[in-house]
Each structure stands twice: as structure tokens, then as C-alpha cells.
Amino acid sequence: MTEEFRQSLTPPVSPFAADSQCDLAAARPPCFCCFEAKDDHTGALSSEGYLGRGSLKRLLLRLDPAPAEFETDTVEIFGFTWVTETALVESAKLLFGLFRQTFYKLETLVQSSSHDFGQAGNLHYEAEDLRQQCVFFLQYVKVFLHRYLEPSLDAAHPHPYEQLEQQFPSALLEELLGITLLTGRLKDLPAGVQSAFSMQNHGKIFPPSWHLLHLHLDIHWSVLEILHVLGHKMQSQVVYAHRFVNLTGENLTDASLFEEHLCSLLCDLTGLALGKYSKVRPTEMLSSNPFLCLCTKELWVLLMYLLEYRNKALRTQSFWGYMNSLLKPLVTGQPAPKHSGGFLTHCKDPLGFTWWLLTHLAMSGQYSHSGTVQNEKYMEDNWTFVEGLLRTTCDPKGGLAEEQIRMHVHCCLSLCLLWEPSTAAVSTLWDYYSRNLNASFTVPWLGVSGLGTLYKTPLALLEQARSCCSPSPLSSPGHTQLYRSANSFHIFLRVLALCLGQDRAGGVPQRQIKGRIYSKFSAKKMQELSEGGLMNFLLLFLVVARQVELEDVASRACELLGFLPSNCPPAHRTLVWRGQLSLLLLFQERGLDVGAQAGWLASSFNKTAKEFYSKTTEVSRRLALWGPLSSYLEGVAEVFETSAGLGLSEEKLLSEGFDWLLPACRQSELNSVLSFLQTVLAQLRRVHQRSVQSAPIPAWAPASASVIRERHLAVASSLWVHFFPFLRSLRLSQTPPAQLADAAAGFTLLAFDLPSSAPQDLQPNPVLSIMQSFGWDDMVHPLLVTRYLPHLLQNSELVSSLSSGSSGVAPGSAQGLSVRAWIRCVLQQHLHKNSDGTESKTARAVGEQLCELTRLILRLPEVDSILQRAGLPSTAARLEPTSALEMFVKTVGSVYSGLQLLTERLAMVTRALDYIGDVLKYVKPYVVSKNQEGMQLAYWAVGCIVKHWSPLLATSKAQQLLFRIVDGLLLPPKLPQQDKALRDSLPLYLQGLSVASSLSQSQGACLKQQLRSVTRRYLDHFLPASPSVGIVANHPVLLGACEATPTTKGAALRRTILEVLCENFLQFKSHAPPPRVASVLMFLLELLRRNGDTDITLLTLPLPSVLRCLMLVNEPMVRKTSTDALQLVVERCVAASTERPCELMITVLRSFVEENVGVYDRQVYGVLETVAVLDPAVVQALVPTLTHSLRNAEHKRGLGKNIALRSAYMKLLSLLGERGQDEISSLESD
């Protein structure tokens, strides 16, 4: 105790302290002061008050109220100096008169004060000085009583002072009565003074009314304090006021004055709180307190502790006893106590006000003697009175609405958090709620927050039960705002949970409450439950199950739910299953086996699923049944997701009902089931992997590992039996649900983790069997493949297994099949567009999924190895699908060309053919559907294969595919409307076929014939009827033959094209030129011009046809084009020839002359004139032949010289220089 009061037990102050203003301020007695704590959100009271300064502690411990004060011989009070030890005895009447005079001064100051802000400071300090004088005097009275008053002893001849001392207690009592009459009651204060309670903080400047009001509080408390000290010092002797009697005619005593003043004060404080209650909304019941300012709150706390002390020490009535006697008439409507003065008779909601006031007073009991909030119990409970209030609240005759009951129960919960919960209170509340279980418990004006809640999932329901079992702390927002977030039934559940959770010997209260709850339910009661009532029932039993014996409560809940009719509405069935699953989650939480609960639930689910499947079930009924079925899926998914080890018989929830449910589902419903299946599969794999990767099982406990595995196998077996057959039946659907791929991938990974769990028809390699069914089969929809394979290929362990061959298949086969599936999907990516060419939802999904599949395919070890051998960077893995396909095809062709060993080349051919599979089958749908974008992709992709794999396709093993490509795409019986696709990709085919025909050993001639056929067909197909530079310049055959730098491969293709051109498009029939000769010659000219060939045999190949055109066709366009072509050939031959003249050109020209000179002599000479201009030496070599032909012609004619023919010939000779002149001389000499 010495430690507790060390600060107060200081040495007496110096007699000179009065000269120091600072010391005077420090020596101020405690008083009510709330301006320092206005902005304090911690709830702490003023440090200058009676609690903060330790005044209450000293009062209760009977210590000196101010041990450091009044230590000098004299004391200044009201401006006069008095003898400290005798002043009050000798001059009590005078001192109290001065007190009244000072009090009057303050009242006068209040009445005369204006609202002039300029005077506010002066008025404040003047009023504060007057108040402090009064408080100082009252403090002196307390100190005087403690130090100097002793019970008087009768003496024969008492000293005059002793006589005064004997009369002092009565005189003091009379003066105290005078003070109470002077100040009056708080309720009678003028409105202007009472308004100071709600005055905002203006720094430390307050109006006189504020000081007067707080002086009233100081006086009321000091009178009680002085009377208490007086009674203690008189050692239980009754002190009478000789000149006064009370209203009943009895003598006034210290005890009666204490009682009367206390009751009046309690009544006034209650009345002030009542005035504030009228402005409080129900939602603010706990956040708005009944204290007009912190000083009134402190006064309540002082009264509590004083009365509790007197109750224990003097056996007087307790604080709650006084309050109960004051509030009971208010609640029951009985006449008000005499001291209330009618102040409490105007309450519109006495019951609500009583709850509110009692709750906040109980919360104020948390303050310690020093004025700080402690989480300790300082006050006794008041359950007896509160239980009576509860009975009034729950009385059906009262007809209270939910908004009132919610507030009352909220207050009851607050009291339970402050005091130990009351079993009787819980029983009273349960009697009410058992009668009203079907009520909605809504408050209409609260809007959505006031509506009843039907929790959507078992976990949400369990979480609500958890929140009921773990109420928020008393002062937290979660508790103060509970009125908005919870209805009265939910608040009652919190009260129930607190009561069930309290630690009592033997658990008697728990058994009592549980018995009361059970007793209220019967078969009839259960059948009368509405949807909301059933939800309340389930929540109630969840709360009870969490707090007491789970198995017993769950068993009883199942028994009661069994009373529900079998044909109950689907909504009821939904709630029943939800509640059962919540209980099951609770079993899981405690590590208990859920087999019994799961079996009961699965049986009910099976019946509902069969009804859902039945063909006789009406559509509306099926729609209604989907509600509970979908709820079951959500709940079971939560059970699996929250399970730590799936070792508590959870597999019983995966029953045969799914065999009926799955075939009966529509698309949206099936998506829900498949989503549920994925959740279960993922959780099973997660749990199994965690058990495998956890710490090694000790040698002495191998059974535990086998038990865990058996449990996981049991779950897996249920999944294989009830789900996988249906998935496999959907794999060839042309409209597969997107989540089918996810579920199939889940089963594949499950087979990888637990291969022995897979059914027999998938053994011995279940992973490969499933991948073949859903990923590698060419009949499976690309939407399914592109979503299925990425799930697997991003699993590094699975890919590693497929690469190493540990999965039971050749290492390359699985990867090759995956590549083939990818190529098929790339080729068929445009197959699912809308008929108008716009992108459908399916096409968008395929495109997005294909990008991810492409990325993963390029990361496969086998593919990555090929890319690395070709020296490609890793960034290739980020290409879009079509570009990636082109890169991959080029890379395979490049790698093949770089192989030297025959075995490696043969192996690569096999792998490449495996990669592309039946590529023509993949692109055939485009040809049939006339999908232009798809055809473009198909012809381009196959063209890339033909071009870049031409050496590979030339092998005997791959030739058959090449022939099929040519026959199917390039040489069909009838050309479809595929000009655009063919025009763009034909160069690829021509280039590839040319290379293949040159490399093939067994079928080279056949391939060359195919190439000629393709060239002839498309030369004719794309050649315009009339010459057009733009069309001819973009002829696909021309584009395929052109090269910036001539190569051997390109020259071979151009040779073939020139041969086809000359044989099929430049052949004259008698004198008639071939069709479209101008366009053909234009094509020929472009072909020669665009390629810088230097091979004379190639260049002279079209020369006979060009010479013939120049000779026989007189059309200007043809002659010009022929001349240009002739000039180009001659110039190229001259440039390329190593000897002059060019022998090969001479041979071609000699043949031309021999074939035509006897018939077209003059035309021949004209053509040769053109050649002579370009290369005279070549023509000079022909002079003997030409001269001989001329003389032979004249001889056959038999008419001598042919002057006209000789003139034409001499004209030609004149262009040949000296050699020509010599020949002219020879002719003239004939």
C-alpha cells in the first residue's frame, strides 16, 4: 500500500509555497475536469479528477485526503486567514456562509455574463477562481474531519472549545443540509447551465456556466464523501441535526442525509441519461453512452465504488441495489420513488433505456480506482435484475419488435462478456427463440444489412458458427456494430456459446442447456420449420456442437433432420445438406472420421440424383432439384479442400449418385460438375504428394504410410469409377465442354501419381492410354487437345518420365505424338470460325490455348534438341503458332540435310513422318468447307513441308506421302475455288518438287513427270488470255522460279518450266501461232529477265520457239516481245560463252535455217538480220549454209537467178562486215 500511495505521501509543503503561483497550481485539490480528456479515444478519465488524483483510493483506505496540504498553522480560505486546526469548529457557520456567498457570486456571474468574446477570458478566470475557492474549502473540510475530529467524551467541566467540538458534527450536518438545499438537484438546474454538459472543447477557456455546472458535481460528490468520512470518524455514532427534521418528521441524521442525497443524485443522473437516450438510435446503443460528459461518467464510477465499499464494510445496500430499486418501477410501470420527483415518468421506452443504462454502467465497472480501463472485474454482477429484464423482453404479451429485441439481446451479450454468463438468462432467451425459430428477425429500416442470411456454402455456415463462438471484444467495432451485422438470433447464439464455453465443474450448465435445447424439438416441430427456421436450427446445432460433445450433437441433429418429410421442398433439402456438410467440416477440424455422416448424406444425394436423371421428371422439377445438387457439389468441394489428409472416409461422399447426375446435366450444369471434379482431383494429388514428400516414415511405423496410401487409393478409386467413364464418352464430341480437358488432365496426372488406382482397361500404362484418348487421337476436337496437353506438358516430372522412357513407351514416341497433335491443331485452328468468317468463341479459345501449347511443345526435350542442333535461340519458344510451325518444319529439314549417317537419316525420316502424321487428312476439312483462311493456311503449311523437307520426301519411305500431296492438293480432278491459296503457296510446291525429283533414285522420273504436270497445269491456269504485265509478273510459277542469285536447284526448276513452256505453249500448228502467244512470250521474257542464269544450254532452250515466233507472227506486241527475248538470250550467251562465236547458238540457228529456209526464206533472212545486229559472228558462221541453201533453191526452181531472194540475202550479208562483202562478191560473180 505504501507503494500505491507513494506520490501522495510527500513531505509537507513549505510555508512559503503561497508565494509561488506554480506551487499553488500544483496544490489544487482534485475536481471534476473533462476538458483534458475531450479528445482521448482510449476512454481514460481526467488525470485531475477524483480518480486520477487518487482521492477515491484514499477515501476507501481511510487515508488523509491531502497529506501534503494544510500542514501550516494557518490556512487562507475565502481570502481570510484561519487557524488550521480550529477554524472549522470555531467558525463553521461563518465559513459555510462564506462558501454560500462565493457560490452566489458564481451564480450571479453566470446570470450576468454576456456572449462578448472579448470578455470570455476574464469571465473564465474569474469563474474558475470562484469555483476553486469552493472546492478548496470542501477539501479543507475533508482534511479537517480526517485529522482533527475525534468522538467526544462526556466531561464534567468541558472547555469551551470542547463544547464547540462536541456540537461540531451536528453543526456540520446542518451546514451540509444547507449546502444541498442551496445547490438543489441536478435536474432543476437551468437549461443554460445544463447545456454546458454538451459544450465543445474550446481550448481551456470556458464560460461561467461550465464552471458552475462542474462545481455542482463537485459539491454533490463532496457532500457524500464528507458524510462518509463523518460516519467513519464518529465510529458508527449517529449524528443528529438538532434544528432539522426530514419530510417524514424524523430527525435528520448523517445516515439519512447520505441516503437521501445519494438517491436524489442517482435519480438525477439517471434522468440526465434518459434525456440523452431519446436521441440514440438502436444501431448506436453501445457506441453512444449515457454520460453527458466524462465528469458524469467519473461521478457514476465514484458512486459505484463508494457504494460497493459501504455494502461490504457497513452492510448497506449495494450500487446495483440502489439502481434496481430506481429502475424497477420504471420497467414495471409502478409508481416512481419519492425522490425521483416525476423526472423518470416521461420515458417512451423504459425497457430499452434500462438495458442501455445498465449495460453502460456495467462497462464503467471496468475502470480501476485510478480511472484507467482494465480488463478486470471490479464490480459484482447484477444478473438477478437482468434476468427479470430478459423475461420482460421475451414476454409474448409485450409484443416487442425485432429492432428492440435485437438491442436488448445485444446488451445482454455485452453483460455476458463483462460478467460470467448466466444459465438462467440463456434459458429465458432460448424459450423465446424456440417459439420464434421461423421468424425472419429482420429490421426493415436497416435495408440489406437487416435482412436474414441464407449462407451459400457449408464453410460459410460454419464460419458464421465460428464467429458466434468467438465474439468480438467488448470495445471493438465488431461488437459495437453487431446490431447492423447480425440479427437477434445470431446475437443470442453468441450468448449461448459463451455460456456453453464457461468452465464449470462437471459441466452441469452445459448438460442443462443442451437438454433444454433438445427438448424443444419434436417431429412436429421439425416439420413446421420454414426455410429460415431450418437455417436457424442448423446454425444453433453447429454452435452447440462446437462448444460441447460433437458426436452427440451431430447424432441428435441427424435424428431430428430425419423427421423432415421425404418430399420436402428442394430448398429445404439444400439447407439440410449444407448443414450436414458443415457438421462434417467440424468433424474434419477435430480429426474425427466422417464416414457415418458422409454415408447418410451420400444416400440422400443418390436419391436426388436418380430423380434428376429420370426421364419422367418434369423440367421445372429438374431445375428445382439442381439447387440442392449444386449445393452438394460446392459443399463436398469445400470438404475436400479443407481436408488436411483425406484420411477420414471423405471418399464416401463420391457416391454412385454421380453416375446418374453426369449424363443428365446440361452444358452449364456439366461445367459445374467438372469444376467440382477438378477441385477434388487437385486436392487428392496435392495431399498425396505432400504425404510422399513429407519426412520419412520411421521404420517402426510403416503401417501409417500404408494406411494413408490406402485412404488415397480409396478416394482415387471412387473418382475413376464414377467420373472417368463419362469423361471418356465425351472425348469425341464436336462441342466438348472446355473443362472436360481440365478434368481429363487431372485424371492423367492422378494416374501418374497413383498408377495402381487406374482401372484395368487403362493398364499397364494408364498415363499413355489417357493421353492417347484425349490428346493424341486425330479425332479429338482441337479445343480439347489444346487445353488438355498444356496441363501435362507443364508438369516437369511427367515430361521427364515421357522423355526417359520410364513410362513404358519409347522416349521419342510420346513427344512425337504430342508434336503431331500440336501440328494438327495449328493446321485446324481456322476450322471453327463462323460461316461469315468472323471469329467464334471456340476459335478464340483454340487460338489462346494453342499459343500456350506451342510454347510448351518447343520446350520438349526432343524438340529443343532439334532446335539446338539447328543453332536456333531460346527466344524461338515465344513465337506465335503459325510462325513456330514454319520454324519447326525448316529446322527439321535443315537437321536432316546435315545428317551424314544413313541410320540417322532413316531415323529422322521416321520421326518427321510421325510429326506430321496424315497431314492431308488434317487439311481436308478446309477443302470441303471452302474456308478461305483455312485453305490458305493448309496449302501454305503443306507447301512449307514440301519445300523444306524435299530431300526427306524424296526418300523411298516418304515418297508415297509426296505423291499423295501432289495428287490431292495440286492435281485434283477438278480445281476448286482455291486460286488465292494456290497462287500464294505454289512456289513452295514447285521448288520442293524440283529438288525431290532431282534427288529421288527410285521414283525420280515419276516425280519429274509430276513436276511437269503441275507446272503445265498452273502455267495454263494462271496465264492471262491477253498480255498483262501486272498479272504475268505475279504468276506463281514465275515467282517460284525466280532467284536473286542463281542456284543449281533453281536452274533445274527453270529448265523444267522452259521445257514445259516450249513444248506446250509455243508449238505452232502449221502457220497458226499458239494460243495466248503474247502472254506466253511475256512470261518467258520475265523468267529470263529476273534470273541471271549463265548456263548456255538453259538460255538457248527457248531460242527455237522465239525465232519461230519472230519469223511467223507479225503482231507488233509479239514481235517486240520476241525481239526482246531474242536479244536477252543472245546477249546472255555472248556474255557466258568462253569462245566466239558460241557453238551452241550456231547449232540452234543452223537447225532453224535448215528447217525453214526452203519455205520461209525471206522471213529467215529477216530473223537473222536481227541476230546479226546482236552477234554478227554467229550469223557469219552460217553464211556457207545460207549460200548453199540459196543456190539449191534456185537450181530446183530452174529459172536461173532469183533476184528478189538474192537481194534479201545480200541485205543480210551487208550486215556481216568483211565476211559478208566477200560472200556478196562471190554471189555477183555467179
# chains A, B, ... in the order shown; residues from 1 in each chain; ligands from 1

$ residues_around --residues "region 94-98 of chain A" --least-positions-apart "4" --cutoff "8 Å" --atoms "only C-alpha atoms" --output "VMD selection string"
chain A and resid 78 88 102 175

$ select_by_dssp --residues "region 584-652 of chain A" --states "helix (DSSP H, G or I)" --output "MDAnalysis selection string"
chainID A and resid 584:589 595:613 619:642 650:652

$ atom_distance --atom1 "CA of Leu1066 (chain A)" --atom2 "CA of Val995 (chain A)"
25.9 Å

$ residues_around --residues "Leu798 (chain A)" --least-positions-apart "5" --cutoff "9 Å" --atoms "only C-alpha atoms" --output "list in words"
Leu749, Phe752, Leu792, Leu793, Ser803 and Ser807 of chain A

$ residues_around --residues "Tyr926 (chain A)" --least-positions-apart "6" --cutoff "12 Å" --atoms "only C-alpha atoms" --output "PDB file with N, CA and C atoms, in the first residue's frame"
ATOM      1  N   LEU A 827      -2.844 -26.593 -87.841  1.00  0.00           N
ATOM      2  CA  LEU A 827      -3.453 -26.664 -89.171  1.00  0.00           C
ATOM      3  C   LEU A 827      -4.961 -26.476 -89.108  1.00  0.00           C
ATOM      4  N   GLN A 828      -5.582 -26.910 -88.025  1.00  0.00           N
ATOM      5  CA  GLN A 828      -7.047 -26.857 -87.946  1.00  0.00           C
ATOM      6  C   GLN A 828      -7.553 -25.694 -87.096  1.00  0.00           C
ATOM      7  N   GLN A 829      -6.696 -24.712 -86.858  1.00  0.00           N
ATOM      8  CA  GLN A 829      -7.094 -23.615 -85.966  1.00  0.00           C
ATOM      9  C   GLN A 829      -8.181 -22.741 -86.547  1.00  0.00           C
ATOM     10  N   HIS A 830      -8.330 -22.727 -87.886  1.00  0.00           N
ATOM     11  CA  HIS A 830      -9.370 -21.890 -88.500  1.00  0.00           C
ATOM     12  C   HIS A 830     -10.627 -22.686 -88.828  1.00  0.00           C
ATOM     13  N   LEU A 831     -10.677 -23.894 -88.365  1.00  0.00           N
ATOM     14  CA  LEU A 831     -11.793 -24.764 -88.737  1.00  0.00           C
ATOM     15  C   LEU A 831     -13.080 -24.392 -88.008  1.00  0.00           C
ATOM     16  N   HIS A 832     -12.967 -23.589 -86.949  1.00  0.00           N
ATOM     17  CA  HIS A 832     -14.134 -23.370 -86.082  1.00  0.00           C
ATOM     18  C   HIS A 832     -14.618 -21.934 -86.117  1.00  0.00           C
ATOM     19  N   LYS A 833     -14.278 -21.238 -87.189  1.00  0.00           N
ATOM     20  CA  LYS A 833     -14.764 -19.873 -87.327  1.00  0.00           C
ATOM     21  C   LYS A 833     -16.209 -19.879 -87.806  1.00  0.00           C
ATOM     22  N   LEU A 920      -2.663 -34.655 -94.888  1.00  0.00           N
ATOM     23  CA  LEU A 920      -3.738 -34.377 -95.840  1.00  0.00           C
ATOM     24  C   LEU A 920      -5.107 -34.538 -95.196  1.00  0.00           C
ATOM     25  N   GLN A 932     -11.751 -20.062 -96.711  1.00  0.00           N
ATOM     26  CA  GLN A 932     -10.626 -19.435 -97.407  1.00  0.00           C
ATOM     27  C   GLN A 932      -9.399 -19.282 -96.512  1.00  0.00           C
ATOM     28  N   GLU A 933      -9.610 -18.809 -95.290  1.00  0.00           N
ATOM     29  CA  GLU A 933      -8.474 -18.625 -94.393  1.00  0.00           C
ATOM     30  C   GLU A 933      -7.841 -19.958 -94.041  1.00  0.00           C
ATOM     31  N   GLY A 934      -8.680 -20.964 -93.848  1.00  0.00           N
ATOM     32  CA  GLY A 934      -8.155 -22.290 -93.555  1.00  0.00           C
ATOM     33  C   GLY A 934      -7.409 -22.890 -94.724  1.00  0.00           C
ATOM     34  N   MET A 935      -7.959 -22.699 -95.933  1.00  0.00           N
ATOM     35  CA  MET A 935      -7.273 -23.215 -97.117  1.00  0.00           C
ATOM     36  C   MET A 935      -5.928 -22.522 -97.314  1.00  0.00           C
ATOM     37  N   GLN A 936      -5.906 -21.237 -97.035  1.00  0.00           N
ATOM     38  CA  GLN A 936      -4.647 -20.510 -97.153  1.00  0.00           C
ATOM     39  C   GLN A 936      -3.590 -21.130 -96.245  1.00  0.00           C
ATOM     40  N   LEU A 937      -3.992 -21.383 -94.987  1.00  0.00           N
ATOM     41  CA  LEU A 937      -3.063 -21.983 -94.032  1.00  0.00           C
ATOM     42  C   LEU A 937      -2.676 -23.394 -94.457  1.00  0.00           C
ATOM     43  N   ALA A 938      -3.656 -24.176 -94.903  1.00  0.00           N
ATOM     44  CA  ALA A 938      -3.389 -25.566 -95.268  1.00  0.00           C
ATOM     45  C   ALA A 938      -2.398 -25.659 -96.422  1.00  0.00           C
ATOM     46  N   TYR A 939      -2.659 -24.934 -97.521  1.00  0.00           N
ATOM     47  CA  TYR A 939      -1.772 -25.001 -98.682  1.00  0.00           C
ATOM     48  C   TYR A 939      -0.384 -24.466 -98.326  1.00  0.00           C
ATOM     49  N   LEU A 969      -3.646 -32.203-103.545  1.00  0.00           N
ATOM     50  CA  LEU A 969      -3.738 -30.749-103.457  1.00  0.00           C
ATOM     51  C   LEU A 969      -3.441 -30.041-104.770  1.00  0.00           C
ATOM     52  N   PRO A 976     -10.863 -26.621-107.254  1.00  0.00           N
ATOM     53  CA  PRO A 976     -11.892 -25.855-106.538  1.00  0.00           C
ATOM     54  C   PRO A 976     -11.547 -24.373-106.566  1.00  0.00           C
ATOM     55  N   GLN A 977     -12.393 -23.580-105.873  1.00  0.00           N
ATOM     56  CA  GLN A 977     -12.130 -22.142-105.813  1.00  0.00           C
ATOM     57  C   GLN A 977     -11.034 -21.874-104.782  1.00  0.00           C
ATOM     58  N   GLN A 978      -9.816 -22.156-105.197  1.00  0.00           N
ATOM     59  CA  GLN A 978      -8.696 -22.075-104.267  1.00  0.00           C
ATOM     60  C   GLN A 978      -7.541 -21.302-104.885  1.00  0.00           C
ATOM     61  N   ALA A 981      -5.210 -19.434-102.370  1.00  0.00           N
ATOM     62  CA  ALA A 981      -4.344 -20.320-101.604  1.00  0.00           C
ATOM     63  C   ALA A 981      -3.265 -20.929-102.482  1.00  0.00           C
TER      64      ALA A 981
END

$ residues_around --residues "Val819 (chain A)" --least-positions-apart "4" --cutoff "7 Å" --atoms "only C-alpha atoms" --output "list of chain:residue names"
A:Gln815, A:Ile823, A:Ile857, A:Tyr915

$ closest_residue --among "A:Leu1168, A:Leu529, A:Leu496, A:Val229" --to "Gln547 (chain A)" --atoms "only C-alpha atoms"
A:Leu496

$ residues_around --residues "Thr1147 (chain A)" --least-positions-apart "2" --cutoff "12 Å" --atoms "only C-alpha atoms" --output "count of residues only"
21

$ residues_around --residues "region 600-608 of chain A" --least-positions-apart "3" --cutoff "12 Å" --atoms "only C-alpha atoms" --output "count of residues only"
57

$ closest_residue --among "A:Ser1026, A:Ser717, A:Thr786, A:Asn1064" --to "Ala845 (chain A)" --atoms "only C-alpha atoms"
A:Thr786

$ closest_residue --among "A:Phe137, A:Phe723, A:Gln1127, A:Asp777" --to "Pro759 (chain A)" --atoms "only C-alpha atoms"
A:Phe723
